[in-house]
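Containing PDB, C-alpha atoms: my_file00.pdb.
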ATOM      1  CA  MET U   4     174.027 193.865  98.913  1.00  0.00           C
ATOM      2  CA  ALA U   5     172.814 191.777 101.835  1.00  0.00           C
ATOM      3  CA  ASN U   6     175.074 191.766 104.858  1.00  0.00           C
ATOM      4  CA  THR U   7     176.035 188.080 105.123  1.00  0.00           C
ATOM      5  CA  LYS U   8     177.209 188.415 108.717  1.00  0.00           C
ATOM      6  CA  TYR U   9     173.761 189.517 109.904  1.00  0.00           C
ATOM      7  CA  MET U  10     172.142 186.968 107.623  1.00  0.00           C
ATOM      8  CA  ARG U  11     174.109 184.142 109.243  1.00  0.00           C
ATOM      9  CA  ARG U  12     173.190 185.426 112.699  1.00  0.00           C
ATOM     10  CA  ASN U  13     169.524 185.557 111.625  1.00  0.00           C
ATOM     11  CA  GLU U  14     169.672 181.929 110.411  1.00  0.00           C
ATOM     12  CA  ARG U  15     171.369 180.712 113.603  1.00  0.00           C
ATOM     13  CA  LEU U  16     168.837 182.427 115.840  1.00  0.00           C
ATOM     14  CA  ASP U  17     165.987 180.988 113.746  1.00  0.00           C
ATOM     15  CA  ARG U  18     167.456 177.535 114.335  1.00  0.00           C
ATOM     16  CA  LEU U  19     167.761 178.229 118.083  1.00  0.00           C
ATOM     17  CA  ALA U  20     164.124 179.434 118.169  1.00  0.00           C
ATOM     18  CA  PHE U  21     163.070 176.193 116.491  1.00  0.00           C
ATOM     19  CA  GLN U  22     164.991 174.198 119.135  1.00  0.00           C
ATOM     20  CA  LEU U  23     163.152 176.112 121.879  1.00  0.00           C
ATOM     21  CA  GLY U  24     159.856 175.034 120.308  1.00  0.00           C
ATOM     22  CA  GLU U  25     161.007 171.402 120.402  1.00  0.00           C
ATOM     23  CA  MET U  26     162.080 171.762 124.039  1.00  0.00           C
ATOM     24  CA  ALA U  27     158.666 173.242 124.908  1.00  0.00           C
ATOM     25  CA  ALA U  28     156.990 170.169 123.365  1.00  0.00           C
ATOM     26  CA  ASP U  29     159.336 167.944 125.420  1.00  0.00           C
ATOM     27  CA  ALA U  30     158.431 169.880 128.582  1.00  0.00           C
ATOM     28  CA  ASP U  31     154.727 169.357 127.840  1.00  0.00           C
ATOM     29  CA  LYS U  32     155.344 165.632 127.433  1.00  0.00           C
ATOM     30  CA  ALA U  33     157.208 165.553 130.765  1.00  0.00           C
ATOM     31  CA  GLY U  34     154.178 167.141 132.495  1.00  0.00           C
ATOM     32  CA  LEU U  35     155.827 170.554 132.981  1.00  0.00           C
ATOM     33  CA  PRO U  36     153.372 173.088 131.506  1.00  0.00           C
ATOM     34  CA  VAL U  37     154.911 176.112 133.259  1.00  0.00           C
ATOM     35  CA  ALA U  38     158.393 175.337 131.913  1.00  0.00           C
ATOM     36  CA  ALA U  39     156.835 174.750 128.469  1.00  0.00           C
ATOM     37  CA  SER U  40     155.096 178.123 128.606  1.00  0.00           C
ATOM     38  CA  ASP U  41     158.335 179.936 129.559  1.00  0.00           C
ATOM     39  CA  LEU U  42     160.199 178.116 126.785  1.00  0.00           C
ATOM     40  CA  ARG U  43     157.595 179.342 124.263  1.00  0.00           C
ATOM     41  CA  LYS U  44     157.918 182.921 125.595  1.00  0.00           C
ATOM     42  CA  ALA U  45     161.716 182.657 125.254  1.00  0.00           C
ATOM     43  CA  ARG U  46     161.197 181.420 121.695  1.00  0.00           C
ATOM     44  CA  VAL U  47     159.196 184.556 120.807  1.00  0.00           C
ATOM     45  CA  TRP U  48     162.063 186.769 122.001  1.00  0.00           C
ATOM     46  CA  VAL U  49     164.698 184.775 120.148  1.00  0.00           C
ATOM     47  CA  GLU U  50     162.527 185.139 117.034  1.00  0.00           C
ATOM     48  CA  ASN U  51     162.310 188.883 117.684  1.00  0.00           C
ATOM     49  CA  ALA U  52     166.106 189.046 117.906  1.00  0.00           C
ATOM     50  CA  SER U  53     166.362 187.032 114.723  1.00  0.00           C
ATOM     51  CA  GLY U  54     164.015 189.506 113.004  1.00  0.00           C
ATOM     52  CA  VAL U  55     166.289 192.397 113.978  1.00  0.00           C
ATOM     53  CA  TYR U  56     169.251 190.697 112.301  1.00  0.00           C
ATOM     54  CA  ALA U  57     167.077 189.880 109.282  1.00  0.00           C
ATOM     55  CA  SER U  58     166.220 193.544 108.788  1.00  0.00           C
ATOM     56  CA  LYS U  59     169.863 194.565 109.381  1.00  0.00           C
ATOM     57  CA  SER U  60     171.004 192.057 106.789  1.00  0.00           C
ATOM     58  CA  SER U  61     168.913 193.703 104.088  1.00  0.00           C
ATOM     59  CA  GLU U  62     170.107 197.271 104.845  1.00  0.00           C
TER
ATOM     60  CA  MET E  19     154.100 157.831 133.819  1.00  0.00           C
ATOM     61  CA  ALA E  20     152.171 161.036 134.352  1.00  0.00           C
ATOM     62  CA  ASN E  21     148.639 160.699 133.015  1.00  0.00           C
ATOM     63  CA  ASP E  22     147.186 162.913 130.281  1.00  0.00           C
ATOM     64  CA  ASP E  23     145.385 165.123 132.805  1.00  0.00           C
ATOM     65  CA  ASN E  24     148.757 166.651 133.632  1.00  0.00           C
ATOM     66  CA  GLN E  25     148.804 168.445 130.300  1.00  0.00           C
ATOM     67  CA  ALA E  26     146.053 170.723 131.607  1.00  0.00           C
ATOM     68  CA  ARG E  27     147.581 171.228 135.031  1.00  0.00           C
ATOM     69  CA  VAL E  28     149.652 174.220 136.050  1.00  0.00           C
ATOM     70  CA  GLY E  29     152.822 174.803 138.070  1.00  0.00           C
ATOM     71  CA  PRO E  30     155.980 172.805 138.619  1.00  0.00           C
ATOM     72  CA  ILE E  31     155.728 169.297 140.099  1.00  0.00           C
ATOM     73  CA  THR E  32     156.451 170.012 143.754  1.00  0.00           C
ATOM     74  CA  PRO E  33     154.959 167.630 146.311  1.00  0.00           C
ATOM     75  CA  GLY E  34     156.570 169.226 149.342  1.00  0.00           C
ATOM     76  CA  PRO E  35     156.217 172.823 150.512  1.00  0.00           C
ATOM     77  CA  CYS E  36     158.905 175.165 149.207  1.00  0.00           C
ATOM     78  CA  VAL E  37     160.924 177.116 151.769  1.00  0.00           C
ATOM     79  CA  HIS E  38     160.521 180.198 149.520  1.00  0.00           C
ATOM     80  CA  GLU E  39     163.739 182.134 149.544  1.00  0.00           C
ATOM     81  CA  TRP E  40     162.374 185.373 148.100  1.00  0.00           C
ATOM     82  CA  LYS E  41     164.703 187.702 146.230  1.00  0.00           C
ATOM     83  CA  SER E  42     163.914 190.965 144.468  1.00  0.00           C
ATOM     84  CA  ARG E  43     165.045 191.299 140.877  1.00  0.00           C
ATOM     85  CA  LYS E  44     164.324 193.305 137.757  1.00  0.00           C
ATOM     86  CA  VAL E  45     163.080 191.543 134.641  1.00  0.00           C
ATOM     87  CA  LEU E  46     162.362 192.681 131.118  1.00  0.00           C
ATOM     88  CA  SER E  47     158.848 191.893 129.966  1.00  0.00           C
ATOM     89  CA  PHE E  48     157.677 192.934 126.503  1.00  0.00           C
ATOM     90  CA  GLY E  49     160.404 195.544 126.447  1.00  0.00           C
ATOM     91  CA  MET E  50     159.441 197.058 129.828  1.00  0.00           C
ATOM     92  CA  GLU E  51     161.508 196.663 132.962  1.00  0.00           C
ATOM     93  CA  ARG E  52     159.543 195.618 136.038  1.00  0.00           C
ATOM     94  CA  ASP E  53     160.280 194.616 139.631  1.00  0.00           C
ATOM     95  CA  ILE E  54     159.359 191.160 140.842  1.00  0.00           C
ATOM     96  CA  THR E  55     160.049 189.093 143.935  1.00  0.00           C
ATOM     97  CA  GLN E  56     160.962 185.540 143.024  1.00  0.00           C
ATOM     98  CA  CYS E  57     161.691 182.419 145.037  1.00  0.00           C
ATOM     99  CA  ASP E  58     165.184 181.151 144.260  1.00  0.00           C
ATOM    100  CA  VAL E  59     164.111 177.584 144.979  1.00  0.00           C
ATOM    101  CA  CYS E  60     160.828 176.952 143.139  1.00  0.00           C
ATOM    102  CA  GLY E  61     160.560 179.985 140.863  1.00  0.00           C
ATOM    103  CA  ALA E  62     157.255 181.277 142.323  1.00  0.00           C
ATOM    104  CA  VAL E  63     156.850 184.949 141.378  1.00  0.00           C
ATOM    105  CA  ALA E  64     155.225 187.796 143.312  1.00  0.00           C
ATOM    106  CA  GLU E  65     154.664 190.915 141.185  1.00  0.00           C
ATOM    107  CA  ASP E  66     155.660 194.331 142.483  1.00  0.00           C
ATOM    108  CA  GLY E  67     153.216 195.256 145.273  1.00  0.00           C
ATOM    109  CA  ASP E  68     151.912 191.692 145.697  1.00  0.00           C
ATOM    110  CA  ASP E  69     152.298 189.885 148.986  1.00  0.00           C
ATOM    111  CA  PRO E  70     154.926 187.127 148.560  1.00  0.00           C
ATOM    112  CA  ARG E  71     152.994 185.013 151.090  1.00  0.00           C
ATOM    113  CA  GLU E  72     149.971 184.997 148.766  1.00  0.00           C
ATOM    114  CA  ALA E  73     152.204 184.087 145.834  1.00  0.00           C
ATOM    115  CA  ALA E  74     153.699 181.285 147.940  1.00  0.00           C
ATOM    116  CA  ALA E  75     150.221 179.972 148.759  1.00  0.00           C
ATOM    117  CA  ALA E  76     149.249 180.105 145.063  1.00  0.00           C
ATOM    118  CA  ALA E  77     152.477 178.302 144.142  1.00  0.00           C
ATOM    119  CA  LYS E  78     151.708 175.544 146.647  1.00  0.00           C
ATOM    120  CA  ILE E  79     148.192 175.056 145.251  1.00  0.00           C
ATOM    121  CA  ALA E  80     149.562 174.966 141.692  1.00  0.00           C
ATOM    122  CA  ALA E  81     152.203 172.461 142.776  1.00  0.00           C
ATOM    123  CA  ARG E  82     149.606 170.205 144.379  1.00  0.00           C
ATOM    124  CA  LYS E  83     147.499 170.290 141.215  1.00  0.00           C
ATOM    125  CA  ALA E  84     150.543 169.495 139.098  1.00  0.00           C
ATOM    126  CA  ARG E  85     151.504 166.443 141.116  1.00  0.00           C
ATOM    127  CA  PRO E  86     151.015 163.396 138.924  1.00  0.00           C
ATOM    128  CA  ASP E  87     149.571 160.101 140.133  1.00  0.00           C
ATOM    129  CA  TYR E  88     152.104 157.367 139.473  1.00  0.00           C
ATOM    130  CA  ALA E  89     151.231 153.692 139.353  1.00  0.00           C
ATOM    131  CA  SER E  90     154.824 152.689 140.216  1.00  0.00           C
ATOM    132  CA  SER E  91     158.222 154.201 140.962  1.00  0.00           C
ATOM    133  CA  ASP E  92     159.424 153.022 137.513  1.00  0.00           C
ATOM    134  CA  ASP E  93     157.009 155.474 135.868  1.00  0.00           C
ATOM    135  CA  ALA E  94     158.231 158.284 138.126  1.00  0.00           C
ATOM    136  CA  ILE E  95     161.857 157.384 137.284  1.00  0.00           C
ATOM    137  CA  ALA E  96     161.025 157.559 133.558  1.00  0.00           C
ATOM    138  CA  ASP E  97     159.679 161.106 134.053  1.00  0.00           C
ATOM    139  CA  LEU E  98     162.783 162.021 136.080  1.00  0.00           C
ATOM    140  CA  ALA E  99     164.912 161.016 133.076  1.00  0.00           C
ATOM    141  CA  LYS E 100     162.809 163.299 130.845  1.00  0.00           C
ATOM    142  CA  ILE E 101     163.342 166.254 133.194  1.00  0.00           C
ATOM    143  CA  LYS E 102     167.095 165.557 133.374  1.00  0.00           C
ATOM    144  CA  ALA E 103     167.281 165.388 129.568  1.00  0.00           C
ATOM    145  CA  LEU E 104     165.536 168.770 129.383  1.00  0.00           C
ATOM    146  CA  GLN E 105     167.996 170.235 131.903  1.00  0.00           C
ATOM    147  CA  ASP E 106     170.933 169.016 129.803  1.00  0.00           C
ATOM    148  CA  LYS E 107     169.379 170.414 126.616  1.00  0.00           C
ATOM    149  CA  LEU E 108     168.748 173.765 128.307  1.00  0.00           C
ATOM    150  CA  GLU E 109     172.369 174.087 129.439  1.00  0.00           C
ATOM    151  CA  ALA E 110     173.698 173.286 125.956  1.00  0.00           C
ATOM    152  CA  PHE E 111     171.174 175.681 124.426  1.00  0.00           C
ATOM    153  CA  ASP E 112     172.057 178.525 126.797  1.00  0.00           C
ATOM    154  CA  GLN E 113     175.726 178.272 125.897  1.00  0.00           C
ATOM    155  CA  GLU E 114     174.902 178.474 122.205  1.00  0.00           C
ATOM    156  CA  LEU E 115     172.482 181.372 122.686  1.00  0.00           C
ATOM    157  CA  LEU E 116     175.113 183.305 124.622  1.00  0.00           C
ATOM    158  CA  HIS E 117     177.619 182.619 121.879  1.00  0.00           C
ATOM    159  CA  HIS E 118     175.306 183.754 119.081  1.00  0.00           C
ATOM    160  CA  GLY E 119     173.306 186.430 120.838  1.00  0.00           C
ATOM    161  CA  LEU E 120     174.520 188.377 123.830  1.00  0.00           C
ATOM    162  CA  ASN E 121     178.101 188.797 122.698  1.00  0.00           C
ATOM    163  CA  GLU E 122     176.713 191.123 120.029  1.00  0.00           C
ATOM    164  CA  ALA E 123     175.953 193.767 122.680  1.00  0.00           C
ATOM    165  CA  ALA E 124     178.678 195.953 121.218  1.00  0.00           C
ATOM    166  CA  TYR E 125     176.559 196.557 118.099  1.00  0.00           C
ATOM    167  CA  GLY E 126     174.198 198.637 120.204  1.00  0.00           C
ATOM    168  CA  PHE E 127     170.857 197.715 118.657  1.00  0.00           C
ATOM    169  CA  GLU E 128     167.897 195.939 120.123  1.00  0.00           C
ATOM    170  CA  ALA E 129     168.648 192.269 119.323  1.00  0.00           C
ATOM    171  CA  PRO E 130     170.810 191.759 122.450  1.00  0.00           C
ATOM    172  CA  ALA E 131     167.955 193.151 124.590  1.00  0.00           C
ATOM    173  CA  HIS E 132     165.589 190.586 123.053  1.00  0.00           C
ATOM    174  CA  ILE E 133     168.074 187.807 123.785  1.00  0.00           C
ATOM    175  CA  ASP E 134     168.388 189.134 127.331  1.00  0.00           C
ATOM    176  CA  THR E 135     164.610 188.842 127.777  1.00  0.00           C
ATOM    177  CA  ALA E 136     164.658 185.327 126.312  1.00  0.00           C
ATOM    178  CA  GLN E 137     167.316 184.456 128.875  1.00  0.00           C
ATOM    179  CA  ASP E 138     165.113 185.769 131.681  1.00  0.00           C
ATOM    180  CA  TYR E 139     162.451 183.277 130.633  1.00  0.00           C
ATOM    181  CA  LEU E 140     165.063 180.525 130.349  1.00  0.00           C
ATOM    182  CA  GLY E 141     166.108 181.380 133.921  1.00  0.00           C
ATOM    183  CA  ASN E 142     162.515 180.700 134.990  1.00  0.00           C
ATOM    184  CA  VAL E 143     162.589 177.421 133.067  1.00  0.00           C
ATOM    185  CA  ARG E 144     165.801 176.469 134.893  1.00  0.00           C
ATOM    186  CA  LEU E 145     164.161 177.133 138.286  1.00  0.00           C
ATOM    187  CA  ALA E 146     161.079 175.117 137.289  1.00  0.00           C
ATOM    188  CA  LEU E 147     163.251 172.193 136.144  1.00  0.00           C
ATOM    189  CA  ASN E 148     165.365 172.296 139.326  1.00  0.00           C
ATOM    190  CA  ALA E 149     162.219 172.263 141.460  1.00  0.00           C
ATOM    191  CA  ALA E 150     160.746 169.440 139.345  1.00  0.00           C
ATOM    192  CA  MET E 151     163.930 167.371 139.771  1.00  0.00           C
ATOM    193  CA  ARG E 152     163.916 167.747 143.550  1.00  0.00           C
ATOM    194  CA  SER E 153     160.213 167.032 143.714  1.00  0.00           C
ATOM    195  CA  GLN E 154     160.479 164.016 141.436  1.00  0.00           C
ATOM    196  CA  GLU E 155     163.344 162.581 143.496  1.00  0.00           C
ATOM    197  CA  SER E 156     161.332 162.858 146.695  1.00  0.00           C
ATOM    198  CA  ALA E 157     158.268 161.370 144.951  1.00  0.00           C
ATOM    199  CA  ILE E 158     160.376 158.398 143.785  1.00  0.00           C
ATOM    200  CA  LYS E 159     161.749 157.891 147.291  1.00  0.00           C
ATOM    201  CA  TRP E 160     158.218 157.955 148.708  1.00  0.00           C
ATOM    202  CA  LEU E 161     156.939 155.507 146.064  1.00  0.00           C
ATOM    203  CA  GLN E 162     159.878 153.144 146.616  1.00  0.00           C
ATOM    204  CA  GLU E 163     159.301 153.155 150.375  1.00  0.00           C
ATOM    205  CA  ASN E 164     155.617 152.337 149.796  1.00  0.00           C
ATOM    206  CA  GLU E 165     156.501 149.561 147.364  1.00  0.00           C
ATOM    207  CA  ALA E 166     159.006 148.097 149.831  1.00  0.00           C
ATOM    208  CA  GLU E 167     156.338 148.127 152.549  1.00  0.00           C
ATOM    209  CA  GLU E 168     153.835 146.439 150.219  1.00  0.00           C
ATOM    210  CA  ARG E 169     156.366 143.766 149.259  1.00  0.00           C
ATOM    211  CA  GLY E 170     157.042 143.169 152.948  1.00  0.00           C
ATOM    212  CA  ALA E 171     153.323 142.870 153.703  1.00  0.00           C
ATOM    213  CA  ASP E 172     152.779 140.408 150.837  1.00  0.00           C
ATOM    214  CA  SER E 173     155.731 138.130 151.541  1.00  0.00           C
ATOM    215  CA  VAL E 174     155.519 134.830 153.506  1.00  0.00           C
ATOM    216  CA  GLY E 175     156.624 135.267 157.102  1.00  0.00           C
ATOM    217  CA  SER E 176     155.799 138.947 157.026  1.00  0.00           C
ATOM    218  CA  GLU E 177     154.367 140.841 159.963  1.00  0.00           C
ATOM    219  CA  ALA E 178     150.916 140.601 158.341  1.00  0.00           C
ATOM    220  CA  ASP E 179     151.233 136.789 158.084  1.00  0.00           C
ATOM    221  CA  HIS E 180     152.454 136.595 161.642  1.00  0.00           C
ATOM    222  CA  ASN E 181     149.465 138.596 162.878  1.00  0.00           C
ATOM    223  CA  TYR E 182     147.099 136.409 160.813  1.00  0.00           C
ATOM    224  CA  GLU E 183     148.575 133.221 162.252  1.00  0.00           C
ATOM    225  CA  GLN E 184     148.331 134.548 165.787  1.00  0.00           C
ATOM    226  CA  ARG E 185     144.724 135.557 165.303  1.00  0.00           C
ATOM    227  CA  TYR E 186     143.378 132.599 163.300  1.00  0.00           C
ATOM    228  CA  GLY E 187     145.881 129.857 163.980  1.00  0.00           C
TER
END
Once you've parsed the file, please lay out its structure as structure tokens.
Amino acid sequence: MANTKYMRRNERLDRLAFQLGEMAADADKAGLPVAASDLRKARVWVENASGVYASKSSE
Amino acid sequence: MANDDNQARVGPITPGPCVHEWKSRKVLSFGMERDITQCDVCGAVAEDGDDPREAAAAAKIAARKARPDYASSDDAIADLAKIKALQDKLEAFDQELLHHGLNEAAYGFEAPAHIDTAQDYLGNVRLALNAAMRSQESAIKWLQENEAEERGADSVGSEADHNYEQRYG
């Protein structure tokens, strides 16, 4: 049976990763390409963390 | 407002030279720990073994390239509001990420390390936004001073008018 605790954590982190993508687009619009790039890198790592919880949830 | 060319430019918006307060720190990058020297003020980074002075020079060039050309101080103020909104969003986001991510360290698997790395990048974003705010504020001040001078030069009874009258009667 899927571990709902890890599943919830996976969903929350996915949502946070999505928000980081939106913030990166905002940073681009504000003329801040370096900040946008770092926000996208942070997004990748939040997605990685989310993936860990996703695999834990199916154990 | 910043023109479209800015999308292709690099570096934080920093019109003035940074004082570069270099500090050594360890960061996680793609799962590997590495040593960097980073300026606490503008976020410029010198990799391990690099000369911080060269990194500072590169940061200055990047900052000059990133400086937008504003038609008026109103446009610069509009961009300042965008940067401030991003700062506010980042703070709210960081709190939520800490709540949902790092406090899981006790589980002892790799997710907290990933969150930690994400936070390193968010730290860089914070530095870039802080530098952009300071830079934008000084740009606005400079633009407003110029606009005030131009208004003074255009108005009746201004120094320019006075000089004209003296010269041509």
With a cut-off of 7 Å, could you pull out the residues of chain U touching chain E and give me the nearest pair of atoms for each, distance in Å to one decimal, using all atoms listed in the file, ordered by chain and ascending number, as JSON lines?
{"residue": "U:Arg12", "atom": "CA", "partner": "E:His118", "partner_atom": "CA", "distance": 6.9}
{"residue": "U:Asp31", "atom": "CA", "partner": "E:Gln25", "partner_atom": "CA", "distance": 6.5}
{"residue": "U:Ala33", "atom": "CA", "partner": "E:Lys100", "partner_atom": "CA", "distance": 6.0}
{"residue": "U:Gly34", "atom": "CA", "partner": "E:Asn24", "partner_atom": "CA", "distance": 5.6}
{"residue": "U:Leu35", "atom": "CA", "partner": "E:Pro30", "partner_atom": "CA", "distance": 6.1}
{"residue": "U:Pro36", "atom": "CA", "partner": "E:Val28", "partner_atom": "CA", "distance": 6.0}
{"residue": "U:Val37", "atom": "CA", "partner": "E:Gly29", "partner_atom": "CA", "distance": 5.4}
{"residue": "U:Ala38", "atom": "CA", "partner": "E:Val143", "partner_atom": "CA", "distance": 4.8}
{"residue": "U:Asp41", "atom": "CA", "partner": "E:Tyr139", "partner_atom": "CA", "distance": 5.4}
{"residue": "U:Leu42", "atom": "CA", "partner": "E:Leu140", "partner_atom": "CA", "distance": 6.5}
{"residue": "U:Lys44", "atom": "CA", "partner": "E:Tyr139", "partner_atom": "CA", "distance": 6.8}
{"residue": "U:Ala45", "atom": "CA", "partner": "E:Ala136", "partner_atom": "CA", "distance": 4.1}
{"residue": "U:Arg46", "atom": "CA", "partner": "E:Ala136", "partner_atom": "CA", "distance": 7.0}
{"residue": "U:Trp48", "atom": "CA", "partner": "E:Ala136", "partner_atom": "CA", "distance": 5.2}
{"residue": "U:Val49", "atom": "CA", "partner": "E:Ile133", "partner_atom": "CA", "distance": 5.8}
{"residue": "U:Asn51", "atom": "CA", "partner": "E:His132", "partner_atom": "CA", "distance": 6.5}
{"residue": "U:Ala52", "atom": "CA", "partner": "E:Ala129", "partner_atom": "CA", "distance": 4.3}
{"residue": "U:Val55", "atom": "CA", "partner": "E:Ala129", "partner_atom": "CA", "distance": 5.8}
Using Å and a single decimal, report how far CA of Met151 in chain E sits from CA of Ser91 in chain E.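 A separation of 14.4 Å between them.
Closest approach to Met26 in chain U from the set E:Asp106, E:Ala89, E:Thr55, E:Ile95 is made by E:Asp106, with distances taken over all atoms listed in the file.
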Name the residues that the PyMOL selection byres ((chain U and resi 57) around 12) picks from the file above, as a count of residues only, using the file's chain letters and numbers. 26
Distance criterion (only C-alpha atoms): nearest to Asp93 in chain E out of E:Gln162, E:Gln56, E:Gln113, E:Asn148: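 Smallest separation from Asp93 in chain E among the options: E:Gln162.
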Please, what distance in Å, to one decimal, runs between CA of Arg169 in chain E and CA of Ala157 in chain E? 18.2 Å
Can you list, as a compact mmCIF listing (two decimals) with C-alpha atoms, keeping the file's coordinate frame, the residues that the PyMOL selection byres ((chain E and resi 53) around 6) selects here?
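Writing the result to selection.txt gives the following:
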# COMPACT_ATOMS: atom_id res chain seq x y z
CA ARG E 43 165.04 191.30 140.88
CA LYS E 44 164.32 193.30 137.76
CA ARG E 52 159.54 195.62 136.04
CA ILE E 54 159.36 191.16 140.84
CA ASP E 66 155.66 194.33 142.48
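If you look at CA of Gly24 in chain U and CA of Ala39 in chain U, they are 8.7 Å away from each other.
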